[in-house]
$ cat work_12.pdb   # PDB, C-alpha atoms, pLDDT in the B column
MODEL        1
ATOM      1  CA  MET A   1      -8.024  -7.619   5.013  1.00 91.00           C
ATOM      2  CA  ILE A   2     -11.498  -6.175   4.422  1.00 94.00           C
ATOM      3  CA  ARG A   3     -11.277  -2.394   4.164  1.00 95.00           C
ATOM      4  CA  THR A   4     -14.679  -1.140   2.987  1.00 95.00           C
ATOM      5  CA  GLU A   5     -18.381  -1.895   3.364  1.00 95.00           C
ATOM      6  CA  LEU A   6     -18.481  -2.958  -0.287  1.00 96.00           C
ATOM      7  CA  GLU A   7     -15.691  -5.476   0.305  1.00 96.00           C
ATOM      8  CA  TYR A   8     -17.552  -6.644   3.413  1.00 96.00           C
ATOM      9  CA  LYS A   9     -20.782  -7.256   1.484  1.00 96.00           C
ATOM     10  CA  LYS A  10     -18.925  -9.066  -1.294  1.00 96.00           C
ATOM     11  CA  THR A  11     -17.195 -11.271   1.260  1.00 96.00           C
ATOM     12  CA  VAL A  12     -20.553 -12.154   2.842  1.00 96.00           C
ATOM     13  CA  GLU A  13     -21.867 -13.123  -0.594  1.00 96.00           C
ATOM     14  CA  ARG A  14     -18.764 -15.190  -1.397  1.00 95.00           C
ATOM     15  CA  ILE A  15     -19.066 -17.026   1.911  1.00 95.00           C
ATOM     16  CA  GLN A  16     -22.703 -17.886   1.193  1.00 96.00           C
ATOM     17  CA  VAL A  17     -21.819 -19.145  -2.303  1.00 95.00           C
ATOM     18  CA  LEU A  18     -18.912 -21.218  -1.004  1.00 94.00           C
ATOM     19  CA  GLU A  19     -21.018 -22.713   1.806  1.00 95.00           C
ATOM     20  CA  ARG A  20     -23.633 -23.851  -0.716  1.00 95.00           C
ATOM     21  CA  ARG A  21     -20.961 -25.211  -3.028  1.00 93.00           C
ATOM     22  CA  LEU A  22     -19.356 -27.198  -0.246  1.00 93.00           C
ATOM     23  CA  ILE A  23     -22.692 -28.802   0.645  1.00 93.00           C
ATOM     24  CA  GLU A  24     -23.305 -29.657  -3.003  1.00 94.00           C
ATOM     25  CA  GLN A  25     -19.808 -31.087  -3.470  1.00 92.00           C
ATOM     26  CA  GLN A  26     -20.086 -33.167  -0.319  1.00 91.00           C
ATOM     27  CA  HIS A  27     -23.377 -34.593  -1.586  1.00 92.00           C
ATOM     28  CA  VAL A  28     -21.874 -35.414  -4.989  1.00 91.00           C
ATOM     29  CA  PHE A  29     -18.816 -37.104  -3.457  1.00 90.00           C
ATOM     30  CA  THR A  30     -21.013 -39.116  -1.109  1.00 89.00           C
ATOM     31  CA  GLN A  31     -23.201 -40.202  -4.013  1.00 90.00           C
ATOM     32  CA  GLN A  32     -20.056 -41.356  -5.803  1.00 90.00           C
ATOM     33  CA  GLY A  33     -19.346 -43.697  -2.923  1.00 90.00           C
ATOM     34  CA  LEU A  34     -16.295 -41.910  -1.532  1.00 88.00           C
ATOM     35  CA  ASN A  35     -15.615 -42.564   2.144  1.00 91.00           C
ATOM     36  CA  HIS A  36     -15.744 -39.854   4.808  1.00 88.00           C
ATOM     37  CA  GLU A  37     -11.964 -39.448   5.024  1.00 90.00           C
ATOM     38  CA  THR A  38     -11.572 -39.019   1.264  1.00 90.00           C
ATOM     39  CA  VAL A  39     -14.427 -36.508   1.112  1.00 89.00           C
ATOM     40  CA  ASN A  40     -12.873 -34.445   3.907  1.00 89.00           C
ATOM     41  CA  LEU A  41      -9.486 -34.531   2.199  1.00 90.00           C
ATOM     42  CA  ALA A  42     -11.019 -33.271  -1.036  1.00 89.00           C
ATOM     43  CA  LEU A  43     -12.959 -30.481   0.661  1.00 91.00           C
ATOM     44  CA  ASP A  44     -10.308 -29.331   3.158  1.00 92.00           C
ATOM     45  CA  PRO A  45      -8.719 -26.687   0.862  1.00 91.00           C
ATOM     46  CA  GLU A  46     -12.056 -24.949   0.258  1.00 92.00           C
ATOM     47  CA  ARG A  47     -13.007 -25.265   3.931  1.00 92.00           C
ATOM     48  CA  SER A  48      -9.716 -23.650   4.877  1.00 92.00           C
ATOM     49  CA  PHE A  49     -10.359 -20.805   2.427  1.00 93.00           C
ATOM     50  CA  LEU A  50     -13.872 -20.408   3.832  1.00 93.00           C
ATOM     51  CA  GLU A  51     -12.515 -20.208   7.379  1.00 94.00           C
ATOM     52  CA  THR A  52     -10.046 -17.517   6.315  1.00 94.00           C
ATOM     53  CA  MET A  53     -12.877 -15.434   4.831  1.00 94.00           C
ATOM     54  CA  ARG A  54     -14.932 -15.876   7.990  1.00 94.00           C
ATOM     55  CA  GLU A  55     -11.998 -14.672  10.084  1.00 94.00           C
ATOM     56  CA  ASP A  56     -11.574 -11.627   7.815  1.00 94.00           C
ATOM     57  CA  LEU A  57     -15.290 -10.938   8.224  1.00 94.00           C
ATOM     58  CA  SER A  58     -15.073 -11.282  12.002  1.00 93.00           C
ATOM     59  CA  TYR A  59     -12.020  -9.010  12.170  1.00 93.00           C
ATOM     60  CA  TYR A  60     -13.775  -6.284  10.157  1.00 95.00           C
ATOM     61  CA  GLU A  61     -16.886  -6.540  12.354  1.00 94.00           C
ATOM     62  CA  GLN A  62     -14.632  -6.262  15.398  1.00 92.00           C
ATOM     63  CA  LEU A  63     -13.020  -3.127  13.987  1.00 93.00           C
ATOM     64  CA  ARG A  64     -16.421  -1.593  13.266  1.00 93.00           C
ATOM     65  CA  ARG A  65     -17.268  -2.040  16.945  1.00 91.00           C
ATOM     66  CA  GLY A  66     -14.143  -0.060  17.822  1.00 88.00           C
ATOM     67  CA  VAL A  67     -12.211  -3.062  19.120  1.00 87.00           C
ATOM     68  CA  LEU A  68      -8.663  -2.776  17.798  1.00 84.00           C
ATOM     69  CA  GLY A  69      -5.599  -4.913  18.160  1.00 76.00           C
ATOM     70  CA  THR A  70      -2.373  -3.785  19.774  1.00 80.00           C
ATOM     71  CA  LEU A  71       0.488  -2.677  17.552  1.00 83.00           C
ATOM     72  CA  TYR A  72       3.602  -4.674  18.447  1.00 79.00           C
ATOM     73  CA  ARG A  73       5.683  -4.182  15.314  1.00 81.00           C
ATOM     74  CA  LEU A  74       6.098  -1.095  13.170  1.00 82.00           C
ATOM     75  CA  SER A  75       5.877  -3.380  10.131  1.00 84.00           C
ATOM     76  CA  ASP A  76       2.165  -3.776  11.018  1.00 88.00           C
ATOM     77  CA  LEU A  77       1.604  -0.022  11.156  1.00 89.00           C
ATOM     78  CA  GLY A  78      -0.267   0.085   7.837  1.00 92.00           C
ATOM     79  CA  ARG A  79      -2.917  -2.453   8.886  1.00 91.00           C
ATOM     80  CA  TRP A  80      -3.234  -0.677  12.237  1.00 91.00           C
ATOM     81  CA  LEU A  81      -3.908   2.661  10.531  1.00 94.00           C
ATOM     82  CA  ILE A  82      -6.572   1.072   8.342  1.00 95.00           C
ATOM     83  CA  GLY A  83      -8.119  -0.482  11.435  1.00 93.00           C
ATOM     84  CA  ILE A  84      -8.274   2.870  13.184  1.00 93.00           C
ATOM     85  CA  ARG A  85     -10.117   4.428  10.232  1.00 94.00           C
ATOM     86  CA  ILE A  86     -12.694   1.627  10.297  1.00 95.00           C
ATOM     87  CA  ALA A  87     -13.048   1.808  14.093  1.00 92.00           C
ATOM     88  CA  ARG A  88     -13.619   5.557  13.859  1.00 91.00           C
ATOM     89  CA  GLY A  89     -16.470   4.932  11.407  1.00 92.00           C
ATOM     90  CA  LEU A  90     -14.742   6.800   8.590  1.00 94.00           C
ATOM     91  CA  SER A  91     -15.113   5.754   4.978  1.00 95.00           C
ATOM     92  CA  GLN A  92     -12.180   6.047   2.600  1.00 96.00           C
ATOM     93  CA  LYS A  93     -13.950   9.023   1.034  1.00 96.00           C
ATOM     94  CA  ALA A  94     -14.342  10.740   4.418  1.00 96.00           C
ATOM     95  CA  LEU A  95     -10.666  10.199   5.244  1.00 96.00           C
ATOM     96  CA  ALA A  96      -9.672  11.539   1.831  1.00 96.00           C
ATOM     97  CA  GLU A  97     -11.616  14.733   2.550  1.00 96.00           C
ATOM     98  CA  LEU A  98      -9.878  15.110   5.919  1.00 94.00           C
ATOM     99  CA  LEU A  99      -6.484  14.673   4.272  1.00 94.00           C
ATOM    100  CA  GLY A 100      -7.264  16.832   1.244  1.00 95.00           C
ATOM    101  CA  VAL A 101      -6.489  14.020  -1.218  1.00 95.00           C
ATOM    102  CA  SER A 102      -8.521  11.930  -3.630  1.00 96.00           C
ATOM    103  CA  GLU A 103     -10.479   8.866  -2.526  1.00 96.00           C
ATOM    104  CA  ALA A 104      -8.489   6.890  -5.116  1.00 96.00           C
ATOM    105  CA  GLN A 105      -5.276   7.860  -3.302  1.00 96.00           C
ATOM    106  CA  VAL A 106      -6.569   6.582   0.048  1.00 96.00           C
ATOM    107  CA  SER A 107      -7.819   3.382  -1.588  1.00 96.00           C
ATOM    108  CA  ARG A 108      -4.429   2.849  -3.245  1.00 96.00           C
ATOM    109  CA  ASP A 109      -2.550   3.505  -0.003  1.00 96.00           C
ATOM    110  CA  GLU A 110      -4.723   1.043   1.904  1.00 96.00           C
ATOM    111  CA  ARG A 111      -4.416  -1.652  -0.756  1.00 95.00           C
ATOM    112  CA  ASN A 112      -0.649  -1.338  -0.280  1.00 94.00           C
ATOM    113  CA  GLU A 113      -1.189  -1.189   3.517  1.00 93.00           C
ATOM    114  CA  TYR A 114       0.723   2.114   3.578  1.00 94.00           C
ATOM    115  CA  HIS A 115       3.918   0.358   2.567  1.00 92.00           C
ATOM    116  CA  GLY A 116       6.919   2.585   3.238  1.00 89.00           C
ATOM    117  CA  ILE A 117       4.914   5.228   5.110  1.00 90.00           C
ATOM    118  CA  THR A 118       6.986   7.663   7.147  1.00 89.00           C
ATOM    119  CA  LEU A 119       6.323   8.240  10.838  1.00 85.00           C
ATOM    120  CA  GLU A 120       5.575  11.896  10.060  1.00 90.00           C
ATOM    121  CA  ARG A 121       2.852  10.907   7.607  1.00 91.00           C
ATOM    122  CA  ALA A 122       1.462   8.322  10.030  1.00 91.00           C
ATOM    123  CA  GLN A 123       1.340  11.027  12.702  1.00 90.00           C
ATOM    124  CA  ASN A 124      -0.582  13.289  10.326  1.00 92.00           C
ATOM    125  CA  LEU A 125      -3.074  10.511   9.600  1.00 93.00           C
ATOM    126  CA  LEU A 126      -3.678   9.931  13.300  1.00 91.00           C
ATOM    127  CA  GLU A 127      -4.114  13.648  13.962  1.00 91.00           C
ATOM    128  CA  LYS A 128      -6.573  14.037  11.077  1.00 92.00           C
ATOM    129  CA  MET A 129      -8.618  11.133  12.451  1.00 91.00           C
ATOM    130  CA  GLY A 130      -8.559  12.725  15.919  1.00 88.00           C
ATOM    131  CA  VAL A 131      -6.697   9.874  17.567  1.00 86.00           C
ATOM    132  CA  GLN A 132      -4.403  10.034  20.575  1.00 80.00           C
ATOM    133  CA  TYR A 133      -2.181   7.062  21.302  1.00 76.00           C
ATOM    134  CA  ARG A 134       0.382   5.805  23.773  1.00 73.00           C
ATOM    135  CA  ILE A 135       3.662   3.995  23.129  1.00 71.00           C
ATOM    136  CA  GLU A 136       4.996   1.779  25.891  1.00 67.00           C
ATOM    137  CA  GLU A 137       8.127  -0.217  26.433  1.00 61.00           C
ATOM    138  CA  SER A 138       8.161  -3.632  28.089  1.00 57.00           C
ATOM    139  CA  VAL A 139      10.384  -4.555  31.019  1.00 50.00           C
ATOM    140  CA  SER A 140      12.792  -6.254  28.623  1.00 50.00           C
ATOM    141  CA  GLY A 141      12.919  -3.115  26.497  1.00 46.00           C
ATOM    142  CA  SER A 142      12.241  -5.143  23.357  1.00 45.00           C
ATOM    143  CA  LEU A 143       8.506  -4.696  22.838  1.00 44.00           C
ATOM    144  CA  PHE A 144       6.944  -1.749  21.026  1.00 45.00           C
ATOM    145  CA  GLN A 145       3.344  -1.110  21.965  1.00 49.00           C
ATOM    146  CA  ALA A 146       0.856   1.328  20.550  1.00 54.00           C
ATOM    147  CA  ASP A 147      -2.276   0.077  22.217  1.00 49.00           C
ATOM    148  CA  SER A 148      -5.658   0.769  20.655  1.00 47.00           C
ATOM    149  CA  ARG A 149      -7.791  -2.158  21.726  1.00 41.00           C
ATOM    150  CA  ALA A 150     -10.432   0.246  22.978  1.00 40.00           C
ATOM    151  CA  THR A 151     -11.133   3.901  22.329  1.00 47.00           C
ATOM    152  CA  ASP A 152     -12.973   6.635  24.209  1.00 49.00           C
ATOM    153  CA  SER A 153     -14.549   9.605  22.486  1.00 49.00           C
ATOM    154  CA  LEU A 154     -13.557  12.873  24.134  1.00 47.00           C
ATOM    155  CA  SER A 155     -15.724  15.966  24.432  1.00 49.00           C
ATOM    156  CA  ASP A 156     -13.811  17.698  21.641  1.00 52.00           C
ATOM    157  CA  GLY A 157     -14.587  14.878  19.210  1.00 52.00           C
ATOM    158  CA  THR A 158     -11.180  13.262  19.344  1.00 47.00           C
ATOM    159  CA  THR A 159     -10.544   9.660  20.308  1.00 48.00           C
ATOM    160  CA  LYS A 160      -8.263   8.614  23.114  1.00 46.00           C
ATOM    161  CA  VAL A 161      -6.478   5.298  22.672  1.00 45.00           C
ATOM    162  CA  ASN A 162      -6.358   3.592  26.037  1.00 39.00           C
ATOM    163  CA  MET A 163      -6.336   0.310  27.971  1.00 34.00           C
ATOM    164  CA  PRO A 164      -2.670  -0.650  27.654  1.00 36.00           C
ATOM    165  CA  LEU A 165      -1.751  -4.235  28.474  1.00 36.00           C
ATOM    166  CA  PRO A 166      -0.173  -4.797  31.887  1.00 36.00           C
ATOM    167  CA  VAL A 167       3.600  -4.695  31.445  1.00 35.00           C
ATOM    168  CA  ALA A 168       4.094  -8.126  33.023  1.00 39.00           C
ATOM    169  CA  THR A 169       1.705  -9.806  30.577  1.00 43.00           C
ATOM    170  CA  ALA A 170       2.256  -7.663  27.478  1.00 46.00           C
ATOM    171  CA  PRO A 171       4.555 -10.179  25.710  1.00 50.00           C
ATOM    172  CA  ILE A 172       1.708 -12.730  25.557  1.00 59.00           C
ATOM    173  CA  GLY A 173       0.029 -10.815  22.758  1.00 61.00           C
ATOM    174  CA  ALA A 174       3.311 -10.474  20.906  1.00 59.00           C
ATOM    175  CA  TYR A 175       3.898 -14.223  21.031  1.00 57.00           C
ATOM    176  CA  LEU A 176       0.385 -14.918  19.744  1.00 64.00           C
ATOM    177  CA  ARG A 177       0.735 -12.385  16.929  1.00 63.00           C
ATOM    178  CA  ALA A 178       4.045 -13.931  15.933  1.00 62.00           C
ATOM    179  CA  ASP A 179       2.474 -17.392  15.573  1.00 66.00           C
ATOM    180  CA  ARG A 180       1.996 -17.870  11.835  1.00 65.00           C
ATOM    181  CA  ARG A 181      -0.725 -20.451  12.494  1.00 71.00           C
ATOM    182  CA  LEU A 182      -2.976 -17.733  13.930  1.00 72.00           C
ATOM    183  CA  SER A 183      -4.682 -14.981  11.971  1.00 76.00           C
ATOM    184  CA  PRO A 184      -4.423 -11.445  13.456  1.00 74.00           C
ATOM    185  CA  ALA A 185      -8.096 -11.647  14.492  1.00 77.00           C
ATOM    186  CA  LYS A 186      -7.651 -15.030  16.181  1.00 78.00           C
ATOM    187  CA  ALA A 187      -4.486 -13.897  17.954  1.00 73.00           C
ATOM    188  CA  ASP A 188      -6.259 -10.801  19.298  1.00 75.00           C
ATOM    189  CA  GLN A 189      -9.242 -12.874  20.460  1.00 76.00           C
ATOM    190  CA  LEU A 190      -6.995 -15.314  22.314  1.00 76.00           C
ATOM    191  CA  ASN A 191      -5.004 -12.455  23.808  1.00 70.00           C
ATOM    192  CA  GLN A 192      -8.172 -10.784  25.082  1.00 73.00           C
ATOM    193  CA  LEU A 193      -9.363 -14.024  26.679  1.00 74.00           C
ATOM    194  CA  ILE A 194      -6.000 -14.472  28.400  1.00 72.00           C
ATOM    195  CA  GLN A 195      -5.999 -10.874  29.659  1.00 68.00           C
ATOM    196  CA  GLN A 196      -9.553 -11.283  30.988  1.00 68.00           C
ATOM    197  CA  ALA A 197      -8.557 -14.448  32.816  1.00 69.00           C
ATOM    198  CA  ILE A 198      -5.542 -12.680  34.348  1.00 63.00           C
ATOM    199  CA  ALA A 199      -7.692  -9.722  35.383  1.00 63.00           C
ATOM    200  CA  LEU A 200     -10.210 -12.047  37.057  1.00 65.00           C
ATOM    201  CA  ALA A 201      -7.422 -13.888  38.864  1.00 60.00           C
ATOM    202  CA  GLU A 202      -5.933 -10.619  40.131  1.00 54.00           C
ATOM    203  CA  SER A 203      -9.321  -9.393  41.369  1.00 59.00           C
ATOM    204  CA  ASP A 204      -9.812 -12.459  43.605  1.00 53.00           C
TER     205      ASP A 204
ENDMDL
END
$ encode --input "work_12.pdb" --output "structure tokens"
Amino acid sequence: MIRTELEYKKTVERIQVLERRLIEQQHVFTQQGLNHETVNLALDPERSFLETMREDLSYYEQLRRGVLGTLYRLSDLGRWLIGIRIARGLSQKALAELLGVSEAQVSRDERNEYHGITLERAQNLLEKMGVQYRIEESVSGSLFQADSRATDSLSDGTTKVNMPLPVATAPIGAYLRADRRLSPAKADQLNQLIQQAIALAESD
């Protein structure tokens, strides 16, 4: 997960380097007389790594626009808190000042994705960042939601977390997030497309 602008810039640079390297390697393999299937097999690992970096880049850009995923499991709370900071446009240094701790402490906590954080401390983080949120329960009573896919700035400078998923369709996002073949960014994108399709169908 990309957490800072510096990490973002480094990832952009790494992607550019890897893209050039892949082109060069493909040319070398072709010159060596390797067939298309063999070349693809040789390059697939690096292509897969490149795709992962692109998804990380896309997810960070999405967070910067204030588009957040929905929290379905408390085990994902750490990533969600980091995402909120990015969506609010706060640097690690700015958050550290709000919390009255060192920037190194915030950086360390985010590297560990707030592993073992208490709910009281999470609540304090949200309050310091001026975020309101809503927890919902599905019909089955088995789905935890803290929805923050979109935020509205209030007149007092706080942010209201809104746009909860419809209860009847809420589990769709949970199923997508649970699919290990999908990255968090990809799962959220698919979920948003599905929700848009459902909303269009209901408006007809």
$ atom_distance --input "work_12.pdb" --atom1 "CA of Asp109 (chain A)" --atom2 "CA of Gln92 (chain A)"
10.3 Å
$ atom_distance --input "work_12.pdb" --atom1 "CA of Gln25 (chain A)" --atom2 "CA of Asn40 (chain A)"
10.7 Å
$ closest_residue --input "work_12.pdb" --among "A:Leu50, A:Glu37, A:Leu119, A:Asn191" --to "Arg21 (chain A)" --atoms "all atoms listed in the file"
A:Leu50
$ closest_residue --input "work_12.pdb" --among "A:Ile194, A:Val131, A:Leu18, A:Ile82" --to "Arg111 (chain A)" --atoms "only C-alpha atoms"
A:Ile82
$ closest_residue --input "work_12.pdb" --among "A:Ile84, A:Leu182, A:Ile117, A:Ile2" --to "Gly66 (chain A)" --atoms "all atoms listed in the file"
A:Ile84
$ closest_residue --input "work_12.pdb" --among "A:His27, A:Lys128, A:Arg79, A:Arg3" --to "Arg64 (chain A)" --atoms "all atoms listed in the file"
A:Arg3
$ closest_residue --input "work_12.pdb" --among "A:Asp44, A:Asp76, A:Glu97, A:Glu127" --to "Asn112 (chain A)" --atoms "all atoms listed in the file"
A:Asp76
$ atom_distance --input "work_12.pdb" --atom1 "CA of Leu77 (chain A)" --atom2 "CA of Val12 (chain A)"
26.6 Å
$ axis_aligned_box --input "work_12.pdb" --around "region 19-27 of chain A" --padding-each-side "5 Å" --output "JSON"
{"center_x": -21.5, "center_y": -28.7, "center_z": -0.8, "size_x": 14.3, "size_y": 21.9, "size_z": 15.3}
$ residues_around --input "work_12.pdb" --residues "Ser48 (chain A)" --least-positions-apart "5" --cutoff "12 Å" --atoms "all atoms listed in the file" --output "ChimeraX atom specification"
/A:15,18-19,22,40-43,53-55
$ closest_residue --input "work_12.pdb" --among "A:Gly89, A:Gly83, A:Gly33, A:Gly116" --to "Met1 (chain A)" --atoms "all atoms listed in the file"
A:Gly83
$ residues_near_point --input "work_12.pdb" --point "(-3.0, 1.3, 13.4)" --cutoff "12 Å" --atoms "only C-alpha atoms" --output "number ranges by chain"
A: 63, 67-88, 110, 113-114, 119, 122-123, 125-126, 129, 131-134, 145-149, 161
